[in-house]
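*Asks:* My questions all concern the structure below.
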Amino acid sequence: MKILIKNAQIVNEGKIIQSDILIENDLISKIQPNISEEADQIIDASGKYLLPGVIDDQVHFREPGLTHKGDIESESRSAIAGGTTSFIEQPNTVPNAITQELLANKYELARQKSFANYGFMMGGTNDNLEEVLKTNPRNVPGIKLFLGSSTGNMLVDNPETLENIFNNTKMLIAVHCEDEATIRANTQKYFDEYGEDIPVKFHHLIRSEEACYKSSSKAIKLAKKTGARLHVFHLSTAIETELFRNDIPLKEKKITAEVCVHHLTFTNEDYETKGGLIKWNPAVKTQKDKDGLWEALLDNRIDVIATDHAPHAWEEKQNVYTKCPSGAPLVQHSLVVMLENYKNGKISLERIVEKMAHNPAILFRIEKRGFIREGYKADLVLVDLNQNWTVKKENILYKCGWSPLEGTEFHSKVTHTFVNGNLVYENGKINEEKFGERLLFELEG
């Protein structure tokens with residue numbers, strides 16, 4: 001199968017060039033102007049931009065065990081509609097992916113059901129070190145540790161266990177950092193005053209700046225002591241960004257950071273209108289924090305933009321504060337949110353591609369993906385930067401059927417998505433054949 005894309009503005013490796021691109025089977029075979037080869041399909045991309053497919057390094061697709069919220073099929077379908085061609089999913093499903101057998105089960109589900117390329121994190125707990133150490137770094141992206149409890153409590157709070165994991169694995173360790181004792185004390189304080197129905201506007205004071213900083217600084221200290229590779233998920237405070245460096249290339253960093261689209265988009269002021277729909281862990285915080293995250297993203301202290309895509313049923317989100325689960329669906333809209341920031345002059349197209357495709361590929365050492373290069377997998381997305389549309393119930397593809405962005409007007413649109421050389425999404429239509437593959441990772445040295 002050959003697909004020829006003509007006249008695209010290719011955004012890749014810090015440059016934008018007009019070129020044609022030839023896809024043969026699952027690979028990019030040629031990038032040059034005026035390719036005249038025969039092809040099974042020719043797509044005229046005049047006026048559009050071609051980007052490497054987004055690699056989202058943190059999603060929760062809820063399968064197995066929580067499939068009333070979302071599943072691999074529904075959420076990967078929404079991913080390709082939004083230009084995300086690869087995802088890395090987290091272990092806090094039911095049961096938690098904390099043994100090699102349970103992890104293998106998730107991979108088997110994805111092999112049958114995923115529209116996008118997939119990787120699944122192995123989960124660490126207080127007592128599964130032996131299982132963690134059996135993880136194959138060639139086909140599993142890393143080890144995930146919750147240093148603060150969140151959905152599907154997998155809290156790792158035993159200092160000895162933590163040190164053992166950090167000391168004994170060469171794999172990347174990704175962490176959710178919030179200090180449990182601080183959060184519990186804060187929750188109790190507000191509970192004593194309001195009971196179960198704590199106003200959601202206090203969420204950022206309960207899961208506070210202090211809780212985040214205390215936990216992430218401790219994890220970084222341990223990584224420095226042990227030499228472990230540490231990736232801190234979803235930074236939410238300005239102060240935490242000071243813990244990371246930007247004076248060496250990403251390839252040489254052993255300690256890295258991610259920011260999520262929602263922490264770059266919302267502030268605590270938005271609780272008033274959005275309520276529990278924007279209740280995340282860690283919490284959306286202040287304008288000062290949002291500004292600090294943007295600054296660190298643009299000066300390379302923060303390496304990756306992701307979503308922490310975490311759907312819940314609409315009914316669950318209507319509960320009182322103490323029973324309202326944290327998390328929201330984002331994977332269908334993450335790229336257009338960032339393109340809107342480009343339109344508003346906050347970030348360049350080249351930097352969006354760097355933070356959402358190149359850097360996740362570098363950081364996780366993903367084989368042959370994340371760049372538009374000859375010989376690389378043809379995971380690509382075409383975007384029209386001059387197409388207005390509004391997020392509405394009828395165009396939301398998440399199984400949960402809602403989005404915190406409902407009613408938002410965007411001025412850019414994903415028109416085509418390719419996964420492994422297959423056109424999987426075109427102008428609102430999804431190819432129901434599933435072409436997702438298991439992500440592979442280059443070994444050190």
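So you can find residues: chains in the structure tokens are A, B, ... in the order shown, residues in each start at 1, and ligands are numbered from 1 in order.
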Write down as an mmCIF file with N, CA, C and O atoms, in the first residue's frame the residues of stretch 32-201 of chain A whose backbone DSSP state falls under strand (DSSP E).
*Replies:*
```cif
data_model
loop_
_atom_site.group_PDB
_atom_site.id
_atom_site.type_symbol
_atom_site.label_atom_id
_atom_site.label_comp_id
_atom_site.auth_asym_id
_atom_site.auth_seq_id
_atom_site.Cartn_x
_atom_site.Cartn_y
_atom_site.Cartn_z
ATOM 1 N N GLN A 32 10.512 14.373 0.113
ATOM 2 C CA GLN A 32 11.168 15.310 -0.792
ATOM 3 C C GLN A 32 10.119 16.078 -1.606
ATOM 4 O O GLN A 32 8.985 15.627 -1.730
ATOM 5 N N GLN A 41 -3.133 5.946 -3.098
ATOM 6 C CA GLN A 41 -3.955 7.093 -2.694
ATOM 7 C C GLN A 41 -3.086 8.343 -2.681
ATOM 8 O O GLN A 41 -1.944 8.315 -2.205
ATOM 9 N N ILE A 42 -3.635 9.427 -3.206
ATOM 10 C CA ILE A 42 -2.914 10.710 -3.169
ATOM 11 C C ILE A 42 -3.758 11.691 -2.364
ATOM 12 O O ILE A 42 -4.959 11.839 -2.607
ATOM 13 N N ILE A 43 -3.123 12.325 -1.383
ATOM 14 C CA ILE A 43 -3.821 13.314 -0.553
ATOM 15 C C ILE A 43 -3.170 14.670 -0.789
ATOM 16 O O ILE A 43 -1.959 14.832 -0.573
ATOM 17 N N ASP A 44 -3.951 15.636 -1.230
ATOM 18 C CA ASP A 44 -3.420 16.986 -1.424
ATOM 19 C C ASP A 44 -3.534 17.736 -0.097
ATOM 20 O O ASP A 44 -4.626 18.015 0.368
ATOM 21 N N TYR A 49 -0.844 21.492 7.659
ATOM 22 C CA TYR A 49 0.412 21.180 8.338
ATOM 23 C C TYR A 49 0.440 19.709 8.712
ATOM 24 O O TYR A 49 -0.541 19.182 9.239
ATOM 25 N N LEU A 50 1.578 19.071 8.432
ATOM 26 C CA LEU A 50 1.759 17.655 8.758
ATOM 27 C C LEU A 50 2.686 17.541 9.958
ATOM 28 O O LEU A 50 3.822 18.023 9.925
ATOM 29 N N LEU A 51 2.185 16.909 11.018
ATOM 30 C CA LEU A 51 2.963 16.759 12.250
ATOM 31 C C LEU A 51 3.165 15.273 12.537
ATOM 32 O O LEU A 51 2.359 14.434 12.108
ATOM 33 N N PRO A 52 4.231 14.939 13.295
ATOM 34 C CA PRO A 52 4.300 13.560 13.790
ATOM 35 C C PRO A 52 3.108 13.340 14.724
ATOM 36 O O PRO A 52 2.691 14.264 15.424
ATOM 37 N N VAL A 54 0.876 12.599 17.846
ATOM 38 C CA VAL A 54 1.114 12.883 19.268
ATOM 39 C C VAL A 54 1.346 11.567 20.015
ATOM 40 O O VAL A 54 0.671 10.564 19.769
ATOM 41 N N ILE A 55 2.337 11.591 20.919
ATOM 42 C CA ILE A 55 2.581 10.460 21.824
ATOM 43 C C ILE A 55 2.199 10.943 23.223
ATOM 44 O O ILE A 55 2.854 11.822 23.780
ATOM 45 N N ASP A 56 1.119 10.412 23.764
ATOM 46 C CA ASP A 56 0.637 10.828 25.086
ATOM 47 C C ASP A 56 1.204 9.863 26.116
ATOM 48 O O ASP A 56 0.834 8.685 26.150
ATOM 49 N N ASP A 57 2.093 10.366 26.970
ATOM 50 C CA ASP A 57 2.797 9.457 27.882
ATOM 51 C C ASP A 57 2.028 9.165 29.169
ATOM 52 O O ASP A 57 2.535 8.474 30.046
ATOM 53 N N GLN A 58 0.782 9.657 29.268
ATOM 54 C CA GLN A 58 0.039 9.364 30.496
ATOM 55 C C GLN A 58 -1.468 9.401 30.262
ATOM 56 O O GLN A 58 -2.064 10.458 30.196
ATOM 57 N N VAL A 59 -2.040 8.208 30.126
ATOM 58 C CA VAL A 59 -3.501 8.116 30.006
ATOM 59 C C VAL A 59 -4.020 7.013 30.924
ATOM 60 O O VAL A 59 -3.275 6.125 31.341
ATOM 61 N N THR A 84 -3.653 11.852 18.325
ATOM 62 C CA THR A 84 -2.752 11.065 19.184
ATOM 63 C C THR A 84 -2.658 9.653 18.618
ATOM 64 O O THR A 84 -3.672 8.952 18.528
ATOM 65 N N THR A 85 -1.440 9.265 18.221
ATOM 66 C CA THR A 85 -1.246 7.979 17.549
ATOM 67 C C THR A 85 -0.628 6.913 18.451
ATOM 68 O O THR A 85 -0.641 5.735 18.106
ATOM 69 N N SER A 86 -0.073 7.338 19.604
ATOM 70 C CA SER A 86 0.510 6.387 20.563
ATOM 71 C C SER A 86 0.200 6.854 21.970
ATOM 72 O O SER A 86 0.226 8.053 22.250
ATOM 73 N N PHE A 87 -0.052 5.894 22.856
ATOM 74 C CA PHE A 87 -0.317 6.254 24.252
ATOM 75 C C PHE A 87 0.409 5.304 25.201
ATOM 76 O O PHE A 87 0.693 4.159 24.850
ATOM 77 N N ILE A 88 0.685 5.823 26.382
ATOM 78 C CA ILE A 88 1.227 5.007 27.469
ATOM 79 C C ILE A 88 0.206 5.053 28.600
ATOM 80 O O ILE A 88 -0.146 6.120 29.099
ATOM 81 N N GLU A 89 -0.294 3.860 28.976
ATOM 82 C CA GLU A 89 -1.409 3.779 29.907
ATOM 83 C C GLU A 89 -0.912 3.371 31.291
ATOM 84 O O GLU A 89 0.106 2.702 31.427
ATOM 85 N N ASN A 117 -1.227 3.081 18.794
ATOM 86 C CA ASN A 117 -0.123 2.293 19.346
ATOM 87 C C ASN A 117 -0.137 2.411 20.864
ATOM 88 O O ASN A 117 -0.516 3.442 21.410
ATOM 89 N N TYR A 118 0.322 1.364 21.539
ATOM 90 C CA TYR A 118 0.092 1.285 22.980
ATOM 91 C C TYR A 118 1.306 0.768 23.761
ATOM 92 O O TYR A 118 2.069 -0.062 23.291
ATOM 93 N N GLY A 119 1.452 1.320 24.954
ATOM 94 C CA GLY A 119 2.387 0.809 25.945
ATOM 95 C C GLY A 119 1.698 0.875 27.296
ATOM 96 O O GLY A 119 0.878 1.764 27.530
ATOM 97 N N PHE A 120 2.013 -0.062 28.179
ATOM 98 C CA PHE A 120 1.389 -0.084 29.507
ATOM 99 C C PHE A 120 2.456 -0.078 30.589
ATOM 100 O O PHE A 120 3.398 -0.871 30.544
ATOM 101 N N MET A 122 4.104 -0.782 34.176
ATOM 102 C CA MET A 122 4.046 -1.763 35.261
ATOM 103 C C MET A 122 3.874 -0.983 36.567
ATOM 104 O O MET A 122 4.550 0.029 36.775
ATOM 105 N N GLY A 123 2.969 -1.420 37.427
ATOM 106 C CA GLY A 123 2.718 -0.704 38.678
ATOM 107 C C GLY A 123 3.560 -1.225 39.831
ATOM 108 O O GLY A 123 3.710 -2.438 40.002
ATOM 109 N N ILE A 143 8.126 1.910 34.986
ATOM 110 C CA ILE A 143 7.478 1.541 36.252
ATOM 111 C C ILE A 143 6.731 2.776 36.765
ATOM 112 O O ILE A 143 7.308 3.868 36.813
ATOM 113 N N LYS A 144 5.487 2.614 37.164
ATOM 114 C CA LYS A 144 4.698 3.746 37.682
ATOM 115 C C LYS A 144 4.511 3.589 39.185
ATOM 116 O O LYS A 144 4.082 2.547 39.671
ATOM 117 N N LEU A 145 4.817 4.661 39.908
ATOM 118 C CA LEU A 145 4.615 4.683 41.355
ATOM 119 C C LEU A 145 3.715 5.845 41.742
ATOM 120 O O LEU A 145 3.913 6.974 41.296
ATOM 121 N N PHE A 146 2.716 5.554 42.558
ATOM 122 C CA PHE A 146 1.868 6.611 43.124
ATOM 123 C C PHE A 146 2.420 6.963 44.502
ATOM 124 O O PHE A 146 2.329 6.159 45.434
ATOM 125 N N ILE A 173 11.366 5.331 35.966
ATOM 126 C CA ILE A 173 10.354 5.313 37.025
ATOM 127 C C ILE A 173 9.537 6.593 36.896
ATOM 128 O O ILE A 173 10.078 7.699 36.965
ATOM 129 N N ALA A 174 8.236 6.431 36.654
ATOM 130 C CA ALA A 174 7.355 7.594 36.539
ATOM 131 C C ALA A 174 6.547 7.710 37.830
ATOM 132 O O ALA A 174 6.050 6.710 38.341
ATOM 133 N N VAL A 175 6.422 8.935 38.331
ATOM 134 C CA VAL A 175 5.791 9.097 39.644
ATOM 135 C C VAL A 175 4.670 10.136 39.658
ATOM 136 O O VAL A 175 4.737 11.156 38.979
ATOM 137 N N HIS A 176 3.651 9.813 40.451
ATOM 138 C CA HIS A 176 2.603 10.772 40.822
ATOM 139 C C HIS A 176 3.019 11.284 42.193
ATOM 140 O O HIS A 176 3.087 10.520 43.147
#
```
*Asks:* Go through stretch 201-293 of chain A residue by residue and, counting only C-alpha atoms, keep those with an atom at most 10 Å from stretch 320-323 of chain A; for each kept residue give the shortest atom pair and its distance in Å to one decimal, ordered by chain and increasing number, as CSV.
*Replies:*
```
residue,atom,partner,partner_atom,distance
A:Lys201,CA,A:Tyr321,CA,9.8
A:Phe202,CA,A:Tyr321,CA,9.7
A:His203,CA,A:Tyr321,CA,8.6
A:Gly275,CA,A:Tyr321,CA,9.4
A:Gly276,CA,A:Tyr321,CA,7.3
A:Lys279,CA,A:Tyr321,CA,9.0
```
*Asks:* Name all residues at most 9 Å from stretch 399-412 of chain A (count only C-alpha atoms; drop same-chain ones fewer than 6 positions away) and give them as an mmCIF file with C-alpha atoms, in the first residue's frame.
*Replies:*
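Result went into around_27.cif, see below:
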```cif
data_model
loop_
_atom_site.group_PDB
_atom_site.id
_atom_site.type_symbol
_atom_site.label_atom_id
_atom_site.label_comp_id
_atom_site.auth_asym_id
_atom_site.auth_seq_id
_atom_site.Cartn_x
_atom_site.Cartn_y
_atom_site.Cartn_z
ATOM 1 C CA THR A 67 -15.103 0.031 31.634
ATOM 2 C CA HIS A 68 -18.293 1.963 32.412
ATOM 3 C CA LYS A 69 -15.979 5.034 32.383
ATOM 4 C CA GLY A 70 -14.008 4.168 29.234
ATOM 5 C CA ASP A 71 -12.213 1.281 27.565
ATOM 6 C CA SER A 74 -13.463 3.867 22.929
ATOM 7 C CA GLU A 75 -10.612 5.960 24.282
ATOM 8 C CA SER A 78 -11.065 9.337 20.568
ATOM 9 C CA LYS A 274 -16.712 24.090 35.930
ATOM 10 C CA LEU A 277 -15.556 18.587 36.089
ATOM 11 C CA ILE A 278 -12.077 20.098 36.543
ATOM 12 C CA PRO A 311 -12.674 9.627 32.199
ATOM 13 C CA HIS A 312 -15.409 9.196 34.822
ATOM 14 C CA ALA A 313 -19.150 8.767 34.322
ATOM 15 C CA TRP A 314 -21.086 12.044 34.276
ATOM 16 C CA ALA A 328 -11.384 14.135 33.210
ATOM 17 C CA PRO A 329 -11.162 13.031 29.561
ATOM 18 C CA LEU A 330 -8.790 15.032 27.324
ATOM 19 C CA HIS A 333 -8.705 17.593 22.428
ATOM 20 C CA VAL A 336 -6.241 21.383 19.363
ATOM 21 C CA VAL A 337 -5.875 22.982 22.807
ATOM 22 C CA LEU A 339 -2.823 24.653 18.572
ATOM 23 C CA GLU A 340 -5.135 27.269 20.088
ATOM 24 C CA LYS A 343 -2.880 30.802 17.507
ATOM 25 C CA VAL A 383 -4.107 19.735 10.704
ATOM 26 C CA ASP A 384 -5.991 22.648 9.207
ATOM 27 C CA LEU A 385 -5.125 25.801 11.154
ATOM 28 C CA ASN A 386 -8.076 27.711 9.719
ATOM 29 C CA GLN A 387 -11.097 25.618 10.576
ATOM 30 C CA ASN A 388 -13.455 26.719 13.322
ATOM 31 C CA TRP A 389 -15.508 24.221 15.306
ATOM 32 C CA THR A 390 -17.033 23.900 18.766
ATOM 33 C CA VAL A 391 -16.835 20.984 21.212
ATOM 34 C CA LYS A 392 -20.373 19.607 21.526
ATOM 35 C CA LYS A 393 -21.955 16.446 22.910
#
```
*Asks:* Can you build me a table of stretch 249-288 of chain A residues sitting at most 9 Å from stretch 358-368 of chain A, with the closest atom pair per residue and its distance in Å to one decimal, using only C-alpha atoms, sorted by chain and residue number, as a Markdown table?
*Replies:*
```
| residue | atom | partner | partner_atom | distance |
| --- | --- | --- | --- | --- |
| A:Leu250 | CA | A:Leu363 | CA | 7.1 |
| A:Lys251 | CA | A:Ile362 | CA | 6.6 |
| A:Lys253 | CA | A:Leu363 | CA | 8.7 |
| A:Thr256 | CA | A:Leu363 | CA | 8.2 |
```
*Asks:* Which neighbours of A:Arg229 fall inside 7 Å, counting only C-alpha atoms, when residues of the same chain fewer than 5 positions from it are skipped, and could you give them as a ChimeraX atom specification?
*Replies:* /A:171-173,223,254-255
*Asks:* Of the candidates A:Ala81, A:Ala357, A:Ala8, A:Val140, which shows the shortest atom-to-atom distance to A:Asn427, using only C-alpha atoms?
*Replies:* A:Ala81
*Asks:* Considering only C-alpha atoms, return as JSON, numbers by chain whatever protein or nucleic-acid residues lie within 10 Å of A:Ser217, sequence-local ones (same chain, fewer than 6 positions apart) excluded.
*Replies:* {"A": [177, 223, 240, 242, 243, 244]}
*Asks:* Hey, can you check how far atom CA of A:Asp157 sits from atom CA of A:Ala257?
*Replies:* 21.1 Å
*Asks:* With distances taken over only C-alpha atoms, which residue among A:Val200, A:Ala228, A:Arg207, A:Val331 lies nearest A:Gly142?
*Replies:*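 Of A:Val200, A:Ala228, A:Arg207, A:Val331, the one nearest A:Gly142 is A:Ala228, counting only C-alpha atoms.
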*Asks:* Name the residues in contact with A:Thr265 at a cut-off of 10 Å, using only C-alpha atoms, excluding same-chain residues fewer than 5 positions from it; report them as a PDB file with N, CA, C and O atoms, in the first residue's frame.
*Replies:*
```
ATOM      1  N   CYS A 260       0.574  18.690  32.147  1.00  0.00           N
ATOM      2  CA  CYS A 260      -0.640  18.286  31.439  1.00  0.00           C
ATOM      3  C   CYS A 260      -1.374  19.497  30.886  1.00  0.00           C
ATOM      4  O   CYS A 260      -1.289  20.597  31.433  1.00  0.00           O
ATOM      5  N   ASP A 270     -11.550  28.802  37.740  1.00  0.00           N
ATOM      6  CA  ASP A 270     -12.505  28.090  36.890  1.00  0.00           C
ATOM      7  C   ASP A 270     -13.388  27.102  37.656  1.00  0.00           C
ATOM      8  O   ASP A 270     -14.385  26.609  37.108  1.00  0.00           O
ATOM      9  N   VAL A 284      -5.751  21.573  39.745  1.00  0.00           N
ATOM     10  CA  VAL A 284      -5.527  22.822  39.015  1.00  0.00           C
ATOM     11  C   VAL A 284      -5.318  23.906  40.072  1.00  0.00           C
ATOM     12  O   VAL A 284      -6.095  24.005  41.019  1.00  0.00           O
ATOM     13  N   GLN A 287      -3.289  31.145  39.016  1.00  0.00           N
ATOM     14  CA  GLN A 287      -2.759  31.778  37.801  1.00  0.00           C
ATOM     15  C   GLN A 287      -1.238  31.841  37.864  1.00  0.00           C
ATOM     16  O   GLN A 287      -0.549  31.609  36.861  1.00  0.00           O
ATOM     17  N   LYS A 290       0.054  28.476  36.930  1.00  0.00           N
ATOM     18  CA  LYS A 290      -0.113  28.278  35.478  1.00  0.00           C
ATOM     19  C   LYS A 290       0.976  29.037  34.713  1.00  0.00           C
ATOM     20  O   LYS A 290       1.614  28.482  33.805  1.00  0.00           O
ATOM     21  N   TRP A 294       3.998  27.415  32.308  1.00  0.00           N
ATOM     22  CA  TRP A 294       4.250  27.846  30.932  1.00  0.00           C
ATOM     23  C   TRP A 294       5.710  28.271  30.759  1.00  0.00           C
ATOM     24  O   TRP A 294       6.363  27.895  29.771  1.00  0.00           O
ATOM     25  N   VAL A 337      -6.100  22.014  21.723  1.00  0.00           N
ATOM     26  CA  VAL A 337      -5.875  22.982  22.807  1.00  0.00           C
ATOM     27  C   VAL A 337      -4.524  23.664  22.617  1.00  0.00           C
ATOM     28  O   VAL A 337      -4.396  24.889  22.703  1.00  0.00           O
ATOM     29  N   MET A 338      -3.504  22.860  22.316  1.00  0.00           N
ATOM     30  CA  MET A 338      -2.173  23.433  22.139  1.00  0.00           C
ATOM     31  C   MET A 338      -2.087  24.259  20.852  1.00  0.00           C
ATOM     32  O   MET A 338      -1.405  25.286  20.817  1.00  0.00           O
ATOM     33  N   ASN A 341      -3.276  27.590  21.616  1.00  0.00           N
ATOM     34  CA  ASN A 341      -2.212  28.380  22.263  1.00  0.00           C
ATOM     35  C   ASN A 341      -1.215  28.920  21.243  1.00  0.00           C
ATOM     36  O   ASN A 341      -0.673  30.014  21.411  1.00  0.00           O
TER      37      ASN A 341
END
```
*Asks:* Separation of atom CA of A:Ala238 and atom CA of A:Tyr271, in Å?
*Replies:* 19.3 Å
